[in-house]
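Structure file query00.tsv with TSV, C-alpha atoms:
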chain	number	residue	atom	x	y	z
A	181	MET	CA	-6.54	23.80	-25.89
A	182	ALA	CA	-3.92	22.89	-23.26
A	183	ASP	CA	-3.03	19.30	-22.50
A	184	SER	CA	-4.90	17.53	-19.71
A	185	SER	CA	-2.90	15.53	-17.21
A	186	PHE	CA	-2.90	13.49	-14.00
A	187	ASP	CA	-0.23	12.05	-11.72
A	188	ILE	CA	0.18	8.42	-10.73
A	189	VAL	CA	1.46	8.17	-7.16
A	190	SER	CA	1.84	5.57	-4.43
A	191	LYS	CA	0.99	7.27	-1.16
A	192	VAL	CA	-0.49	6.03	2.10
A	193	GLU	CA	-2.32	8.22	4.59
A	194	ARG	CA	-0.16	7.80	7.74
A	195	GLN	CA	-3.08	8.72	10.02
A	196	GLU	CA	-5.23	5.95	8.53
A	197	VAL	CA	-2.43	3.40	9.12
A	198	ASP	CA	-2.16	4.70	12.69
A	199	ASN	CA	-5.92	4.31	13.17
A	200	ALA	CA	-5.83	0.75	11.79
A	201	LEU	CA	-2.93	-0.11	14.10
A	202	ASN	CA	-4.76	1.30	17.14
A	203	GLN	CA	-7.92	-0.63	16.23
A	204	ALA	CA	-5.90	-3.83	15.85
A	205	ALA	CA	-4.21	-3.25	19.24
A	206	LYS	CA	-7.61	-2.69	20.85
A	207	GLU	CA	-8.99	-5.89	19.31
A	208	LEU	CA	-5.95	-7.85	20.56
A	209	SER	CA	-6.53	-6.60	24.10
A	210	GLN	CA	-10.19	-7.68	23.99
A	211	ARG	CA	-10.14	-11.00	22.12
A	212	TYR	CA	-10.30	-14.12	24.30
A	213	ASP	CA	-7.70	-16.02	22.24
A	214	PHE	CA	-5.13	-13.25	22.83
A	215	LYS	CA	-5.78	-12.67	26.56
A	216	GLY	CA	-2.68	-13.27	28.68
A	217	THR	CA	-0.48	-14.15	25.70
A	218	GLY	CA	1.52	-10.92	25.55
A	219	ALA	CA	0.38	-10.29	21.96
A	220	THR	CA	1.22	-6.73	20.89
A	221	ILE	CA	1.35	-4.53	17.80
A	222	ALA	CA	3.07	-1.13	17.83
A	223	TRP	CA	5.14	1.39	15.89
A	224	SER	CA	8.90	1.28	16.35
A	225	GLY	CA	10.21	4.24	14.40
A	226	GLU	CA	9.11	3.66	10.80
A	227	LYS	CA	8.48	-0.06	11.35
A	228	ILE	CA	5.49	-1.86	12.79
A	229	ILE	CA	6.38	-4.67	15.20
A	230	MET	CA	3.99	-7.52	16.00
A	231	GLU	CA	4.91	-9.81	18.89
A	232	ALA	CA	3.34	-12.97	20.33
A	233	ASN	CA	4.36	-16.16	22.10
A	234	SER	CA	3.75	-18.46	19.10
A	235	GLU	CA	4.16	-18.31	15.34
A	236	GLU	CA	0.42	-18.87	14.75
A	237	ARG	CA	-0.55	-16.01	17.09
A	238	VAL	CA	1.84	-13.54	15.48
A	239	LYS	CA	0.40	-14.47	12.06
A	240	ALA	CA	-3.09	-13.92	13.52
A	241	ILE	CA	-2.00	-10.42	14.66
A	242	LEU	CA	-0.88	-9.69	11.09
A	243	ASP	CA	-4.25	-10.92	9.81
A	244	VAL	CA	-6.15	-8.66	12.23
A	245	PHE	CA	-3.99	-5.68	11.17
A	246	GLU	CA	-4.53	-6.43	7.45
A	247	THR	CA	-8.30	-6.57	8.03
A	248	LYS	CA	-8.21	-3.15	9.73
A	249	LEU	CA	-6.14	-1.69	6.85
A	250	ILE	CA	-8.65	-2.95	4.28
A	251	LYS	CA	-11.57	-1.46	6.24
A	252	ARG	CA	-9.74	1.90	6.19
A	253	GLY	CA	-9.24	1.76	2.42
A	254	ILE	CA	-5.50	1.10	2.42
A	255	SER	CA	-4.17	-1.33	-0.18
A	256	LEU	CA	-2.33	-4.35	1.25
A	257	LYS	CA	0.21	-3.86	-1.56
A	258	ALA	CA	1.57	-0.95	0.50
A	259	LEU	CA	2.23	-3.28	3.48
A	260	ASP	CA	5.56	-5.08	3.38
A	261	ALA	CA	5.50	-7.68	6.17
A	262	GLY	CA	8.39	-10.04	6.82
A	263	GLU	CA	8.31	-13.64	7.97
A	264	PRO	CA	7.84	-14.52	11.67
A	265	GLN	CA	11.20	-14.58	13.48
A	266	LEU	CA	11.98	-16.20	16.80
A	267	SER	CA	13.50	-13.70	19.23
A	268	GLY	CA	14.11	-15.26	22.63
A	269	LYS	CA	10.75	-16.77	23.59
A	270	GLU	CA	8.76	-14.37	21.41
A	271	TYR	CA	7.90	-14.50	17.74
A	272	LYS	CA	8.08	-11.18	15.90
A	273	ILE	CA	7.00	-9.87	12.51
A	274	PHE	CA	8.46	-6.60	11.26
A	275	ALA	CA	6.41	-4.68	8.70
A	276	THR	CA	6.86	-1.43	6.82
A	277	ILE	CA	4.53	0.77	4.81
A	278	GLU	CA	5.88	1.25	1.27
A	279	GLU	CA	5.39	4.68	-0.30
A	280	GLY	CA	6.51	6.19	-3.59
A	281	ILE	CA	6.99	4.53	-6.95
A	282	SER	CA	10.55	3.30	-7.54
A	283	GLN	CA	12.27	4.23	-10.82
A	284	GLU	CA	12.03	0.63	-11.97
A	285	ASN	CA	8.27	0.41	-11.25
A	286	ALA	CA	7.68	3.84	-12.84
A	287	LYS	CA	9.38	2.60	-16.01
A	288	LYS	CA	7.16	-0.52	-16.00
A	289	VAL	CA	4.01	1.62	-15.78
A	290	ALA	CA	5.26	4.00	-18.48
A	291	LYS	CA	5.95	1.00	-20.75
A	292	ILE	CA	2.42	-0.36	-20.15
A	293	ILE	CA	0.97	3.05	-21.08
A	294	ARG	CA	3.21	3.30	-24.18
A	295	ASP	CA	2.49	-0.26	-25.38
A	296	GLU	CA	-1.21	-0.67	-24.52
A	297	GLY	CA	-2.56	2.83	-24.03
A	298	PRO	CA	-3.82	5.34	-26.62
A	299	LYS	CA	-1.06	6.64	-28.94
A	300	ALA	CA	-1.50	10.34	-28.04
A	301	VAL	CA	-0.76	9.76	-24.33
A	302	LYS	CA	2.66	10.61	-22.91
A	303	ALA	CA	4.04	9.42	-19.56
A	304	GLN	CA	7.09	10.88	-17.85
A	305	VAL	CA	8.75	9.94	-14.57
A	306	GLN	CA	9.02	12.78	-12.03
A	307	GLY	CA	10.80	11.60	-8.91
A	308	GLU	CA	8.53	9.12	-7.12
A	309	GLU	CA	5.51	9.80	-9.33
A	310	LEU	CA	4.50	9.59	-12.97
A	311	ARG	CA	2.87	12.44	-14.94
A	312	VAL	CA	0.53	11.33	-17.73
A	313	THR	CA	-0.50	13.94	-20.33
A	314	SER	CA	-2.74	14.00	-23.38
A	315	LYS	CA	-4.89	16.42	-25.36
A	316	SER	CA	-7.92	14.18	-24.83
A	317	ARG	CA	-9.42	13.61	-21.39
A	318	ASP	CA	-11.04	10.43	-22.72
A	319	ASP	CA	-7.57	9.02	-23.44
A	320	LEU	CA	-6.52	9.80	-19.85
A	321	GLN	CA	-9.57	8.00	-18.48
A	322	GLU	CA	-8.76	5.06	-20.75
A	323	VAL	CA	-5.23	4.94	-19.26
A	324	GLN	CA	-6.67	4.96	-15.71
A	325	THR	CA	-9.00	2.08	-16.60
A	326	LEU	CA	-6.09	0.19	-18.21
A	327	LEU	CA	-3.89	0.56	-15.11
A	328	LYS	CA	-6.69	-0.37	-12.69
A	329	GLY	CA	-7.09	-3.62	-14.65
A	330	LYS	CA	-3.38	-4.46	-14.36
A	331	ASP	CA	-2.15	-6.53	-11.41
A	332	LEU	CA	0.76	-4.32	-10.33
A	333	ASP	CA	2.76	-5.39	-7.26
A	334	PHE	CA	2.49	-1.92	-5.70
A	335	ALA	CA	-0.42	0.38	-4.83
A	336	ILE	CA	-1.22	3.30	-7.13
A	337	GLN	CA	-3.55	6.30	-6.90
A	338	PHE	CA	-4.46	8.95	-9.46
A	339	VAL	CA	-4.17	12.59	-8.33
A	340	ASN	CA	-4.05	16.13	-9.78
A	341	TYR	CA	-6.47	15.36	-12.61
A	342	ARG	CA	-6.59	18.55	-14.73
Output the structure of this file as structure tokens.
Amino acid sequence: MADSSFDIVSKVERQEVDNALNQAAKELSQRYDFKGTGATIAWSGEKIIMEANSEERVKAILDVFETKLIKRGISLKALDAGEPQLSGKEYKIFATIEEGISQENAKKVAKIIRDEGPKAVKAQVQGEELRVTSKSRDDLQEVQTLLKGKDLDFAIQFVNYR
């Protein structure tokens, strides 16, 4: 029998992020505490820019956006938001959506699988993803359970389960 396998990836559905951003922008335009304050959230290339006239308001914009991301099933580990910065009279927060597993993080995950997972399971780094193979599908499911229980500082998904 051939080996079974799955890939560990860190991907974010761009359309879902876009939807969350649009919902957050709509909420900002309707909420009484943001009326007339110039509070905005928008894409600027690959970055998301949140602007408001006070540090508290710009943090509130980030909170609204995070809530919308959670409702759309996107892990907050994929959101990399900076600290509020004063720019003229406006406060700004720049955020990016992190995708792909770095070599360093892939090695960490492979080490967890090697050290704590079933012995017959093999993990190999392939670019920005990790391929996990084994003869036993039960071992693969055990690895998925193991990784879901770990508190990794990046979002992971399991795809191509064969």
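Closest approach to Ala240 (chain A) among A:Glu278, A:Glu207, A:Trp223, A:Ser267 is made by A:Glu207 (distances from all atoms listed in the file).
Straight-line separation from CA of Asn340 (chain A) to CA of Ile188 (chain A): 8.8 Å.
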- Query: Which of these residues is nearest to Gln306 (chain A), using all atoms listed in the file: A:Ser255, A:Ser209, A:Ala290, A:Asp243?
  - Reply: A:Ala290
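Here CA of Glu235 (chain A) is placed at a distance of 5.9 Å from CA of Tyr271 (chain A).
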- Neighbours of point (-9.5, 18.9, -17.9) within 9 Å, using only C-alpha atoms, written as number ranges by chain: A: 182-185, 316-317, 341-342
Emit the selected residues as a PDB file, in the frame of the given file, including C-alpha atoms.
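So selection.pdb came out as:
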ATOM      1  CA  ALA A 182      -3.920  22.890 -23.260  1.00  0.00           C
ATOM      2  CA  ASP A 183      -3.030  19.300 -22.500  1.00  0.00           C
ATOM      3  CA  SER A 184      -4.900  17.530 -19.710  1.00  0.00           C
ATOM      4  CA  SER A 185      -2.900  15.530 -17.210  1.00  0.00           C
ATOM      5  CA  SER A 316      -7.920  14.180 -24.830  1.00  0.00           C
ATOM      6  CA  ARG A 317      -9.420  13.610 -21.390  1.00  0.00           C
ATOM      7  CA  TYR A 341      -6.470  15.360 -12.610  1.00  0.00           C
ATOM      8  CA  ARG A 342      -6.590  18.550 -14.730  1.00  0.00           C
TER       9      ARG A 342
END
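The gap separating CA of Glu322 (chain A) from CA of Pro298 (chain A) is 7.7 Å, in Å to one decimal.
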Selection: 10 Å around Leu256 (chain A), all atoms listed in the file, excl. self and same-chain fewer than 3 positions, as a compact mmCIF listing (two decimals) with C-alpha atoms, in the coordinates of the input:
# COMPACT_ATOMS: atom_id res chain seq x y z
CA GLU A 246 -4.53 -6.43 7.45
CA THR A 247 -8.30 -6.57 8.03
CA LEU A 249 -6.14 -1.69 6.85
CA ILE A 250 -8.65 -2.95 4.28
CA GLY A 253 -9.24 1.76 2.42
CA LEU A 259 2.23 -3.28 3.48
CA ASP A 260 5.56 -5.08 3.38
CA ALA A 261 5.50 -7.68 6.17
CA ILE A 277 4.53 0.77 4.81
CA GLU A 278 5.88 1.25 1.27
CA ASP A 333 2.76 -5.39 -7.26
CA PHE A 334 2.49 -1.92 -5.70
CA ALA A 335 -0.42 0.38 -4.83
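Take the candidates A:Gln283, A:Ser224, A:Gln337, A:Gln265 and check each one against Val238 (chain A) using all atoms listed in the file; the shortest distance goes to A:Gln265.
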